[in-house]
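Chemist: For reference, the file upload38.pdb (PDB, C-alpha atoms and all ligand atoms) is included below:
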```
ATOM      1  CA  MET A   1     132.872 122.630  62.326  1.00  0.00           C
ATOM      2  CA  SER A   2     136.188 121.759  63.969  1.00  0.00           C
ATOM      3  CA  LYS A   3     136.688 118.338  65.418  1.00  0.00           C
ATOM      4  CA  GLU A   4     136.771 119.804  68.949  1.00  0.00           C
ATOM      5  CA  ARG A   5     133.504 121.639  68.438  1.00  0.00           C
ATOM      6  CA  ALA A   6     131.882 118.535  67.029  1.00  0.00           C
ATOM      7  CA  ILE A   7     133.011 116.540  70.051  1.00  0.00           C
ATOM      8  CA  ALA A   8     131.820 119.257  72.446  1.00  0.00           C
ATOM      9  CA  ALA A   9     128.431 119.383  70.708  1.00  0.00           C
ATOM     10  CA  LYS A  10     128.150 115.599  70.897  1.00  0.00           C
ATOM     11  CA  GLN A  11     129.085 115.620  74.553  1.00  0.00           C
ATOM     12  CA  LYS A  12     126.460 118.251  75.312  1.00  0.00           C
ATOM     13  CA  TRP A  13     123.887 116.168  73.474  1.00  0.00           C
ATOM     14  CA  ALA A  14     124.909 113.091  75.459  1.00  0.00           C
ATOM     15  CA  GLU A  15     124.631 114.985  78.745  1.00  0.00           C
ATOM     16  CA  LYS A  16     121.165 116.167  77.780  1.00  0.00           C
ATOM     17  CA  GLN A  17     120.121 112.625  76.859  1.00  0.00           C
ATOM     18  CA  LEU A  18     121.471 111.379  80.142  1.00  0.00           C
ATOM     19  CA  ALA A  19     119.623 114.076  82.085  1.00  0.00           C
ATOM     20  CA  GLN A  20     116.376 113.270  80.246  1.00  0.00           C
ATOM     21  CA  GLY A  21     116.979 109.568  80.761  1.00  0.00           C
ATOM     22  CA  PHE A  22     117.321 110.035  84.472  1.00  0.00           C
ATOM     23  CA  THR A  23     114.172 112.164  84.561  1.00  0.00           C
ATOM     24  CA  ALA A  24     112.229 109.577  82.566  1.00  0.00           C
ATOM     25  CA  ARG A  25     113.483 106.828  84.820  1.00  0.00           C
ATOM     26  CA  THR A  26     112.528 108.658  88.008  1.00  0.00           C
ATOM     27  CA  VAL A  27     109.026 109.298  86.707  1.00  0.00           C
ATOM     28  CA  ALA A  28     108.642 105.711  85.496  1.00  0.00           C
ATOM     29  CA  ALA A  29     109.887 104.280  88.777  1.00  0.00           C
ATOM     30  CA  SER A  30     106.996 105.870  90.635  1.00  0.00           C
ATOM     31  CA  GLU A  31     104.565 104.172  88.267  1.00  0.00           C
ATOM     32  CA  ARG A  32     103.628 100.590  87.697  1.00  0.00           C
ATOM     33  CA  LEU A  33     105.227 100.025  84.288  1.00  0.00           C
ATOM     34  CA  PRO A  34     109.037  99.668  84.431  1.00  0.00           C
ATOM     35  CA  PRO A  35     111.083 101.902  82.090  1.00  0.00           C
ATOM     36  CA  GLY A  36     111.106 100.892  78.430  1.00  0.00           C
ATOM     37  CA  GLN A  37     108.154  98.486  78.810  1.00  0.00           C
ATOM     38  CA  LYS A  38     104.794  98.468  76.969  1.00  0.00           C
ATOM     39  CA  LEU A  39     101.604  97.022  78.392  1.00  0.00           C
ATOM     40  CA  THR A  40     100.062  94.033  76.628  1.00  0.00           C
ATOM     41  CA  THR A  41      96.640  92.544  77.262  1.00  0.00           C
ATOM     42  CA  GLY A  42      97.283  89.138  75.679  1.00  0.00           C
ATOM     43  CA  PHE A  43      99.748  86.625  76.991  1.00  0.00           C
ATOM     44  CA  PRO A  44     102.570  86.118  74.478  1.00  0.00           C
ATOM     45  CA  VAL A  45     104.419  82.794  74.492  1.00  0.00           C
ATOM     46  CA  LEU A  46     108.210  82.909  74.615  1.00  0.00           C
ATOM     47  CA  ASP A  47     110.204  79.706  74.347  1.00  0.00           C
ATOM     48  CA  LEU A  48     112.990  77.967  72.457  1.00  0.00           C
ATOM     49  CA  GLY A  49     110.555  76.462  69.946  1.00  0.00           C
ATOM     50  CA  VAL A  50     110.052  73.310  72.015  1.00  0.00           C
ATOM     51  CA  GLN A  51     107.207  72.763  74.463  1.00  0.00           C
ATOM     52  CA  PRO A  52     108.132  69.424  76.032  1.00  0.00           C
ATOM     53  CA  GLU A  53     105.327  67.103  76.969  1.00  0.00           C
ATOM     54  CA  ILE A  54     105.971  65.597  80.383  1.00  0.00           C
ATOM     55  CA  PRO A  55     103.391  63.046  81.602  1.00  0.00           C
ATOM     56  CA  LEU A  56     102.645  63.899  85.243  1.00  0.00           C
ATOM     57  CA  ALA A  57     103.488  60.343  86.299  1.00  0.00           C
ATOM     58  CA  GLU A  58     107.015  60.876  84.923  1.00  0.00           C
ATOM     59  CA  TRP A  59     107.476  64.471  86.073  1.00  0.00           C
ATOM     60  CA  THR A  60     110.101  65.053  88.763  1.00  0.00           C
ATOM     61  CA  LEU A  61     111.777  68.075  90.292  1.00  0.00           C
ATOM     62  CA  ARG A  62     115.345  67.528  91.473  1.00  0.00           C
ATOM     63  CA  ILE A  63     116.797  69.922  94.094  1.00  0.00           C
ATOM     64  CA  ASP A  64     120.535  69.574  94.725  1.00  0.00           C
ATOM     65  CA  GLY A  65     123.901  71.322  94.978  1.00  0.00           C
ATOM     66  CA  LEU A  66     125.054  72.864  98.264  1.00  0.00           C
ATOM     67  CA  VAL A  67     122.191  71.516 100.356  1.00  0.00           C
ATOM     68  CA  GLU A  68     121.892  69.336 103.449  1.00  0.00           C
ATOM     69  CA  ASN A  69     118.991  67.436 101.957  1.00  0.00           C
ATOM     70  CA  ALA A  70     119.108  66.844  98.198  1.00  0.00           C
ATOM     71  CA  LEU A  71     115.712  65.589  97.042  1.00  0.00           C
ATOM     72  CA  THR A  72     113.571  64.590  94.097  1.00  0.00           C
ATOM     73  CA  LEU A  73     109.872  65.448  94.244  1.00  0.00           C
ATOM     74  CA  SER A  74     107.206  63.630  92.275  1.00  0.00           C
ATOM     75  CA  TRP A  75     104.136  65.495  90.979  1.00  0.00           C
ATOM     76  CA  THR A  76     102.078  64.046  93.846  1.00  0.00           C
ATOM     77  CA  GLN A  77     104.659  65.089  96.426  1.00  0.00           C
ATOM     78  CA  LEU A  78     104.879  68.608  95.011  1.00  0.00           C
ATOM     79  CA  ASN A  79     101.122  69.062  95.170  1.00  0.00           C
ATOM     80  CA  ALA A  80     101.013  67.797  98.761  1.00  0.00           C
ATOM     81  CA  LEU A  81     103.176  70.751  99.858  1.00  0.00           C
ATOM     82  CA  PRO A  82     101.521  73.946 101.181  1.00  0.00           C
ATOM     83  CA  GLN A  83     100.027  75.958  98.316  1.00  0.00           C
ATOM     84  CA  VAL A  84     100.227  79.716  97.866  1.00  0.00           C
ATOM     85  CA  ARG A  85      98.567  82.172  95.483  1.00  0.00           C
ATOM     86  CA  ASP A  86     100.130  85.415  94.285  1.00  0.00           C
ATOM     87  CA  VAL A  87      99.051  88.106  91.830  1.00  0.00           C
ATOM     88  CA  SER A  88     101.931  89.919  90.123  1.00  0.00           C
ATOM     89  CA  ASP A  89     102.968  91.828  87.024  1.00  0.00           C
ATOM     90  CA  PHE A  90     105.031  90.060  84.358  1.00  0.00           C
ATOM     91  CA  HIS A  91     107.822  91.894  82.541  1.00  0.00           C
ATOM     92  CA  CYS A  92     109.528  90.365  79.496  1.00  0.00           C
ATOM     93  CA  VAL A  93     112.887  91.804  78.502  1.00  0.00           C
ATOM     94  CA  THR A  94     111.619  92.110  74.908  1.00  0.00           C
ATOM     95  CA  THR A  95     109.613  95.090  76.327  1.00  0.00           C
ATOM     96  CA  TRP A  96     106.122  93.687  76.914  1.00  0.00           C
ATOM     97  CA  SER A  97     104.530  93.605  80.347  1.00  0.00           C
ATOM     98  CA  LYS A  98     101.337  91.947  81.529  1.00  0.00           C
ATOM     99  CA  TYR A  99      99.561  93.108  84.683  1.00  0.00           C
ATOM    100  CA  ASP A 100      97.723  91.041  87.302  1.00  0.00           C
ATOM    101  CA  CYS A 101      98.882  87.512  86.570  1.00  0.00           C
ATOM    102  CA  GLU A 102      97.405  85.117  89.101  1.00  0.00           C
ATOM    103  CA  TRP A 103      99.746  82.245  89.915  1.00  0.00           C
ATOM    104  CA  SER A 104      99.324  79.385  92.394  1.00  0.00           C
ATOM    105  CA  GLY A 105     101.744  76.704  93.462  1.00  0.00           C
ATOM    106  CA  VAL A 106     104.523  76.162  95.970  1.00  0.00           C
ATOM    107  CA  ALA A 107     106.548  79.027  97.454  1.00  0.00           C
ATOM    108  CA  PHE A 108     110.265  78.960  96.722  1.00  0.00           C
ATOM    109  CA  THR A 109     110.856  79.310 100.472  1.00  0.00           C
ATOM    110  CA  THR A 110     109.041  76.000 101.050  1.00  0.00           C
ATOM    111  CA  LEU A 111     111.440  74.226  98.664  1.00  0.00           C
ATOM    112  CA  PHE A 112     114.334  76.090 100.294  1.00  0.00           C
ATOM    113  CA  GLU A 113     113.332  74.827 103.744  1.00  0.00           C
ATOM    114  CA  LEU A 114     112.988  71.267 102.459  1.00  0.00           C
ATOM    115  CA  ALA A 115     116.433  71.255 100.838  1.00  0.00           C
ATOM    116  CA  GLN A 116     118.212  73.196 103.619  1.00  0.00           C
ATOM    117  CA  PRO A 117     120.892  74.978 101.586  1.00  0.00           C
ATOM    118  CA  LYS A 118     124.274  75.402 103.239  1.00  0.00           C
ATOM    119  CA  PRO A 119     125.496  78.891 104.192  1.00  0.00           C
ATOM    120  CA  GLU A 120     127.889  78.958 101.192  1.00  0.00           C
ATOM    121  CA  ALA A 121     124.966  78.708  98.729  1.00  0.00           C
ATOM    122  CA  ARG A 122     124.491  82.156  97.193  1.00  0.00           C
ATOM    123  CA  PHE A 123     123.162  81.445  93.701  1.00  0.00           C
ATOM    124  CA  VAL A 124     120.399  79.349  92.227  1.00  0.00           C
ATOM    125  CA  TYR A 125     120.657  77.638  88.840  1.00  0.00           C
ATOM    126  CA  PHE A 126     117.472  76.319  87.216  1.00  0.00           C
ATOM    127  CA  THR A 127     117.280  73.845  84.332  1.00  0.00           C
ATOM    128  CA  SER A 128     114.230  72.892  82.299  1.00  0.00           C
ATOM    129  CA  TYR A 129     112.858  69.987  80.278  1.00  0.00           C
ATOM    130  CA  ASP A 130     113.339  71.966  77.029  1.00  0.00           C
ATOM    131  CA  GLY A 131     117.083  72.460  77.602  1.00  0.00           C
ATOM    132  CA  TYR A 132     116.644  75.987  78.985  1.00  0.00           C
ATOM    133  CA  SER A 133     118.525  77.226  82.031  1.00  0.00           C
ATOM    134  CA  THR A 134     118.780  80.438  84.032  1.00  0.00           C
ATOM    135  CA  ASN A 135     120.581  81.755  87.105  1.00  0.00           C
ATOM    136  CA  VAL A 136     119.380  84.012  89.920  1.00  0.00           C
ATOM    137  CA  PRO A 137     121.067  85.230  93.118  1.00  0.00           C
ATOM    138  CA  LEU A 138     119.594  83.297  96.038  1.00  0.00           C
ATOM    139  CA  ALA A 139     118.564  86.532  97.791  1.00  0.00           C
ATOM    140  CA  ASN A 140     116.200  87.356  94.879  1.00  0.00           C
ATOM    141  CA  CYS A 141     114.561  83.923  95.166  1.00  0.00           C
ATOM    142  CA  LEU A 142     113.692  84.323  98.833  1.00  0.00           C
ATOM    143  CA  ASP A 143     111.061  87.046  98.367  1.00  0.00           C
ATOM    144  CA  ASP A 144     107.639  85.822  99.433  1.00  0.00           C
ATOM    145  CA  ASP A 145     106.224  86.352  95.903  1.00  0.00           C
ATOM    146  CA  VAL A 146     108.575  83.808  94.275  1.00  0.00           C
ATOM    147  CA  LEU A 147     106.844  80.544  93.507  1.00  0.00           C
ATOM    148  CA  LEU A 148     106.864  77.361  91.501  1.00  0.00           C
ATOM    149  CA  ALA A 149     103.556  77.872  89.709  1.00  0.00           C
ATOM    150  CA  THR A 150     101.370  74.946  88.714  1.00  0.00           C
ATOM    151  CA  GLN A 151      98.264  77.067  88.076  1.00  0.00           C
ATOM    152  CA  PHE A 152      97.444  80.271  86.221  1.00  0.00           C
ATOM    153  CA  SER A 153      94.112  82.019  86.894  1.00  0.00           C
ATOM    154  CA  GLY A 154      93.036  79.026  88.958  1.00  0.00           C
ATOM    155  CA  GLN A 155      93.535  76.563  86.082  1.00  0.00           C
ATOM    156  CA  PRO A 156      96.320  74.000  85.564  1.00  0.00           C
ATOM    157  CA  LEU A 157      99.251  75.779  83.912  1.00  0.00           C
ATOM    158  CA  ALA A 158      99.050  75.356  80.125  1.00  0.00           C
ATOM    159  CA  ARG A 159     102.005  73.656  78.482  1.00  0.00           C
ATOM    160  CA  GLU A 160     102.733  76.722  76.328  1.00  0.00           C
ATOM    161  CA  HIS A 161     103.232  78.771  79.493  1.00  0.00           C
ATOM    162  CA  GLY A 162     105.538  76.224  81.069  1.00  0.00           C
ATOM    163  CA  GLY A 163     103.293  73.510  82.481  1.00  0.00           C
ATOM    164  CA  PRO A 164     103.306  71.349  84.453  1.00  0.00           C
ATOM    165  CA  ALA A 165     105.369  73.764  86.590  1.00  0.00           C
ATOM    166  CA  ARG A 166     107.310  76.971  86.031  1.00  0.00           C
ATOM    167  CA  PHE A 167     109.000  79.516  88.230  1.00  0.00           C
ATOM    168  CA  ILE A 168     107.709  83.043  88.703  1.00  0.00           C
ATOM    169  CA  ILE A 169     110.056  85.685  90.093  1.00  0.00           C
ATOM    170  CA  PRO A 170     107.899  88.811  89.762  1.00  0.00           C
ATOM    171  CA  LYS A 171     110.551  91.393  90.645  1.00  0.00           C
ATOM    172  CA  LEU A 172     112.871  90.212  87.838  1.00  0.00           C
ATOM    173  CA  TYR A 173     112.450  90.045  84.061  1.00  0.00           C
ATOM    174  CA  ALA A 174     110.463  86.975  83.095  1.00  0.00           C
ATOM    175  CA  TRP A 175     113.382  85.146  81.459  1.00  0.00           C
ATOM    176  CA  LYS A 176     114.544  84.402  85.035  1.00  0.00           C
ATOM    177  CA  GLY A 177     111.423  82.270  85.551  1.00  0.00           C
ATOM    178  CA  ALA A 178     112.155  78.824  84.138  1.00  0.00           C
ATOM    179  CA  LYS A 179     109.196  77.164  82.386  1.00  0.00           C
ATOM    180  CA  PHE A 180     109.017  73.319  82.347  1.00  0.00           C
ATOM    181  CA  VAL A 181     111.402  73.357  85.311  1.00  0.00           C
ATOM    182  CA  LYS A 182     113.331  70.159  86.003  1.00  0.00           C
ATOM    183  CA  THR A 183     116.172  70.923  88.444  1.00  0.00           C
ATOM    184  CA  ILE A 184     117.157  73.554  90.993  1.00  0.00           C
ATOM    185  CA  SER A 185     120.790  73.700  92.096  1.00  0.00           C
ATOM    186  CA  PHE A 186     122.168  75.793  94.930  1.00  0.00           C
ATOM    187  CA  LEU A 187     125.669  77.054  94.112  1.00  0.00           C
ATOM    188  CA  ALA A 188     128.440  79.063  95.743  1.00  0.00           C
ATOM    189  CA  GLU A 189     129.440  80.713  92.442  1.00  0.00           C
ATOM    190  CA  ASP A 190     127.174  82.168  89.783  1.00  0.00           C
ATOM    191  CA  ARG A 191     126.724  79.984  86.681  1.00  0.00           C
ATOM    192  CA  PRO A 192     125.293  81.808  83.634  1.00  0.00           C
ATOM    193  CA  GLY A 193     122.205  80.223  82.057  1.00  0.00           C
ATOM    194  CA  PHE A 194     120.928  80.024  78.477  1.00  0.00           C
ATOM    195  CA  TRP A 195     120.397  83.751  77.889  1.00  0.00           C
ATOM    196  CA  GLU A 196     123.047  84.874  80.352  1.00  0.00           C
ATOM    197  CA  VAL A 197     125.830  83.224  78.315  1.00  0.00           C
ATOM    198  CA  ARG A 198     124.410  85.201  75.380  1.00  0.00           C
ATOM    199  CA  GLY A 199     124.860  88.530  77.136  1.00  0.00           C
ATOM    200  CA  TYR A 200     121.783  88.855  79.321  1.00  0.00           C
ATOM    201  CA  HIS A 201     122.112  90.248  82.822  1.00  0.00           C
ATOM    202  CA  GLY A 202     122.964  88.183  85.916  1.00  0.00           C
ATOM    203  CA  ILE A 203     120.147  89.704  87.987  1.00  0.00           C
ATOM    204  CA  GLY A 204     117.645  91.290  85.558  1.00  0.00           C
ATOM    205  CA  ASP A 205     115.812  93.923  87.624  1.00  0.00           C
ATOM    206  CA  PRO A 206     113.283  95.626  85.291  1.00  0.00           C
ATOM    207  CA  TRP A 207     113.244  98.808  87.403  1.00  0.00           C
ATOM    208  CA  LYS A 208     116.981  99.207  86.822  1.00  0.00           C
ATOM    209  CA  GLU A 209     116.625  98.056  83.182  1.00  0.00           C
ATOM    210  CA  GLU A 210     119.154  95.281  83.762  1.00  0.00           C
ATOM    211  CA  ARG A 211     118.574  93.766  80.332  1.00  0.00           C
ATOM    212  CA  TYR A 212     122.126  92.993  79.215  1.00  0.00           C
ATOM    213  CA  GLY A 213     125.611  92.928  80.668  1.00  0.00           C
TER     214      GLY A 213
HETATM  215  N1  LIG B 301     112.127  76.569  79.907  1.00  0.00           N
HETATM  216  C1  LIG B 301     112.011  77.813  79.442  1.00  0.00           C
HETATM  217  N2  LIG B 301     111.681  78.790  80.292  1.00  0.00           N
HETATM  218  C2  LIG B 301     111.549  80.061  79.862  1.00  0.00           C
HETATM  219  C3  LIG B 301     111.791  80.395  78.509  1.00  0.00           C
HETATM  220  C4  LIG B 301     112.145  79.328  77.624  1.00  0.00           C
HETATM  221  O1  LIG B 301     112.381  79.520  76.420  1.00  0.00           O
HETATM  222  N3  LIG B 301     112.232  78.059  78.132  1.00  0.00           N
HETATM  223  N4  LIG B 301     111.646  81.699  78.093  1.00  0.00           N
HETATM  224  C5  LIG B 301     111.729  82.745  79.127  1.00  0.00           C
HETATM  225  C6  LIG B 301     111.294  84.041  78.652  1.00  0.00           C
HETATM  226  S1  LIG B 301     112.372  84.923  77.709  1.00  0.00           S
HETATM  227  C7  LIG B 301     110.097  84.601  79.042  1.00  0.00           C
HETATM  228  S2  LIG B 301     109.652  86.172  78.641  1.00  0.00           S
HETATM  229  C8  LIG B 301     109.104  83.796  79.767  1.00  0.00           C
HETATM  230  C9  LIG B 301     107.870  83.703  78.891  1.00  0.00           C
HETATM  231  O2  LIG B 301     106.833  83.045  79.543  1.00  0.00           O
HETATM  232  P1  LIG B 301     105.457  82.829  78.737  1.00  0.00           P
HETATM  233  O3  LIG B 301     105.789  82.023  77.490  1.00  0.00           O
HETATM  234  O4  LIG B 301     104.569  82.128  79.683  1.00  0.00           O
HETATM  235  O5  LIG B 301     104.974  84.200  78.353  1.00  0.00           O
HETATM  236  O6  LIG B 301     109.554  82.489  80.074  1.00  0.00           O
HETATM  237  C10 LIG B 301     110.931  82.368  80.366  1.00  0.00           C
HETATM  238  N5  LIG B 301     111.191  81.017  80.760  1.00  0.00           N
HETATM  239 MO    MO B 302     111.461  87.129  77.668  1.00  0.00          MO
END
```
Would you put the structure from the file into structure tokens?

Modeler:
Amino acid sequence: MSKERAIAAKQKWAEKQLAQGFTARTVAASERLPPGQKLTTGFPVLDLGVQPEIPLAEWTLRIDGLVENALTLSWTQLNALPQVRDVSDFHCVTTWSKYDCEWSGVAFTTLFELAQPKPEARFVYFTSYDGYSTNVPLANCLDDDVLLATQFSGQPLAREHGGPARFIIPKLYAWKGAKFVKTISFLAEDRPGFWEVRGYHGIGDPWKEERYG
């Protein structure tokens, strides 16, 4: 086969793959499982190999950056805020998904209203007690299903799943939800977190398969 023919054949193959990919994606998008994901019934644990133990009396959440009212919440103060409950599906970028996770805690919007971010704030940067960090556009944090979860299935959040408190951002891949969360900073410019500096996506929408890049 000539080089040209080989290239043409390859191109045709690529076009076919692309066409099939688009078809598969359209079908998947109308369903509950995002493209490339597999349903799991267990609840895998994903972390950096450290599950920090934070006594509740020493736990604090710092909220700062481009805000009118920087603040530090104690565990008691956090739990005195209005509580919400939300059931959502959980999608890990390593291709497992878990349906119907029941989370309770404090809505992100409640923390947002307390801190009063300035108009220039467009990104949120989370850090955790295990050294983890992640970044999310502010707009994605303001959905009413985004919460700082302190309970799972009506029970205090287990340490392996990020207790005492972890973020849940259901419409994004789960790496955007910081376990063992320690600080929230509102920023004008995006600041890549732990996985983002290693090539993971800035937004991470599972329906668009924003895994890397
Ligand atoms: N602090 C912290 N948060 C984290 C991680 C981590 O290693 N440390 N892993 C992320 C990843 S990749 C996923 S898939 C979920 C896993 O949550 P789970 O262990 O409760 O399943 O937490 C995310 N949040
Ligand atoms: Mo993940």

Chemist: Ligand LIG 301 (chain B): which residues are within 8 Å, counting only C-alpha atoms and all ligand atoms? Reply as a PyMOL selection string.

Modeler: chain A and resi 43-50+91-94+127-133+160-162+166-167+173-181

Chemist: Would you please work out which residue, of A:Tyr200, A:Lys98, A:Pro206, A:Gly163, is nearest to Ile54 (chain A) when using all atoms listed in the file?

Modeler: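 Comparing A:Tyr200, A:Lys98, A:Pro206, A:Gly163 against Ile54 (chain A), the winner is A:Gly163.
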
Chemist: Counting only C-alpha atoms, which residue out of A:Lys171, A:Lys38, A:Arg32, A:Lys182 sits closest to Trp75 (chain A)?

Modeler: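 Of A:Lys171, A:Lys38, A:Arg32, A:Lys182, the one nearest Trp75 (chain A), counting only C-alpha atoms, is A:Lys182.
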
Chemist: Suppose a student applies the PyMOL selection byres (((chain A and resi 65) around 8) and not hetatm) to this structure; what residues should they get, written as a list in words?

Modeler: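 In the shown coordinates, the PyMOL selection byres (((chain A and resi 65) around 8) and not hetatm) covers Ile63, Asp64, Leu66, Val67, Ala70, Ser185, Phe186 and Leu187 of chain A.
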
Chemist: Selection in question (the file shown): the PyMOL selection byres (((chain A and resi 121-124) around 6) and not hetatm). Which residues does it include, as a list in words?

Modeler: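 For this structure, the PyMOL selection byres (((chain A and resi 121-124) around 6) and not hetatm) resolves to Leu66, Lys118, Pro119, Glu120, Tyr125, Asn135, Val136, Pro137, Leu138, Ser185, Phe186, Leu187, Ala188 and Asp190 of chain A.
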
Chemist: Evaluate the PyMOL selection byres (((chain A and resi 61) around 7) and not hetatm) and record the selected residues as a PDB file with C-alpha atoms, in the frame of the given file, following the chain and residue labels used in the document.

Modeler:
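Saved file out32.pdb follows:
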```
ATOM      1  CA  THR A  60     110.101  65.053  88.763  1.00  0.00           C
ATOM      2  CA  ARG A  62     115.345  67.528  91.473  1.00  0.00           C
ATOM      3  CA  ILE A  63     116.797  69.922  94.094  1.00  0.00           C
ATOM      4  CA  THR A  72     113.571  64.590  94.097  1.00  0.00           C
ATOM      5  CA  LEU A  73     109.872  65.448  94.244  1.00  0.00           C
ATOM      6  CA  SER A  74     107.206  63.630  92.275  1.00  0.00           C
ATOM      7  CA  LYS A 182     113.331  70.159  86.003  1.00  0.00           C
ATOM      8  CA  THR A 183     116.172  70.923  88.444  1.00  0.00           C
TER       9      THR A 183
END
```

Chemist: Any idea what the distance is between CA of Gln51 (chain A) and CA of Ala158 (chain A)?

Modeler: 10.3 Å

Chemist: Between A:Gly204, A:Leu71, A:Asp100, A:Leu78, which one has atoms that come closest to Ile184 (chain A), using all atoms listed in the file?

Modeler: A:Leu71

Chemist: With distances taken over all atoms listed in the file, which of A:Leu56, A:Ala107, A:Leu172, A:Ala165 is nearest to ligand MO 302 (chain B)?

Modeler: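 Checking each of A:Leu56, A:Ala107, A:Leu172, A:Ala165 against ligand MO 302 (chain B), counting all atoms listed in the file, the winner is A:Leu172.
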
Chemist: Env of Cys101 (chain A): 6 Å cut, atoms = only C-alpha atoms, seq-sep filter 6 positions within chain, self excluded. Answer as a list in words.

Modeler: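 Here the qualifying residues turn out to be Val87, Ser88 and Asp89 of chain A.
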
Chemist: Return the single residue from A:Ile203, A:Gln37, A:Thr109, A:Gln155 that is closest to Arg191 (chain A), with distances computed using all atoms listed in the file.

Modeler: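 Going through A:Ile203, A:Gln37, A:Thr109, A:Gln155 one by one, the smallest distance to Arg191 (chain A) is for A:Ile203.
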
Chemist: I'd like to know which of A:Pro35, A:Glu189, A:Gln116, A:Ser97 is closest to ligand MO 302 (chain B), using only C-alpha atoms and all ligand atoms.

Modeler: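 Closest to ligand MO 302 (chain B), using only C-alpha atoms and all ligand atoms: A:Ser97.
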
Chemist: May I ask for the distance between CA of Gly202 (chain A) and CA of Trp59 (chain A), given in Å to one decimal place?

Modeler: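 Straight-line distance from CA of Gly202 (chain A) to CA of Trp59 (chain A) works out to 28.3 Å.
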
Chemist: Quick one: pull the distance between CA of Thr41 (chain A) and CA of Ile169 (chain A), Å, one decimal.

Modeler: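 Going from CA of Thr41 (chain A) over to CA of Ile169 (chain A), I get 19.8 Å.
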
Chemist: With 4 Å on each side, where is the centre of the axis-aligned box around all listed atoms of region 155-166 of chain A, and how long are its edges in Å to one decimal, as lines of an AutoDock Vina configuration file?

Modeler:
```
center_x = 100.4
center_y = 75.1
center_z = 81.5
size_x = 21.8
size_y = 15.4
size_z = 18.3
```
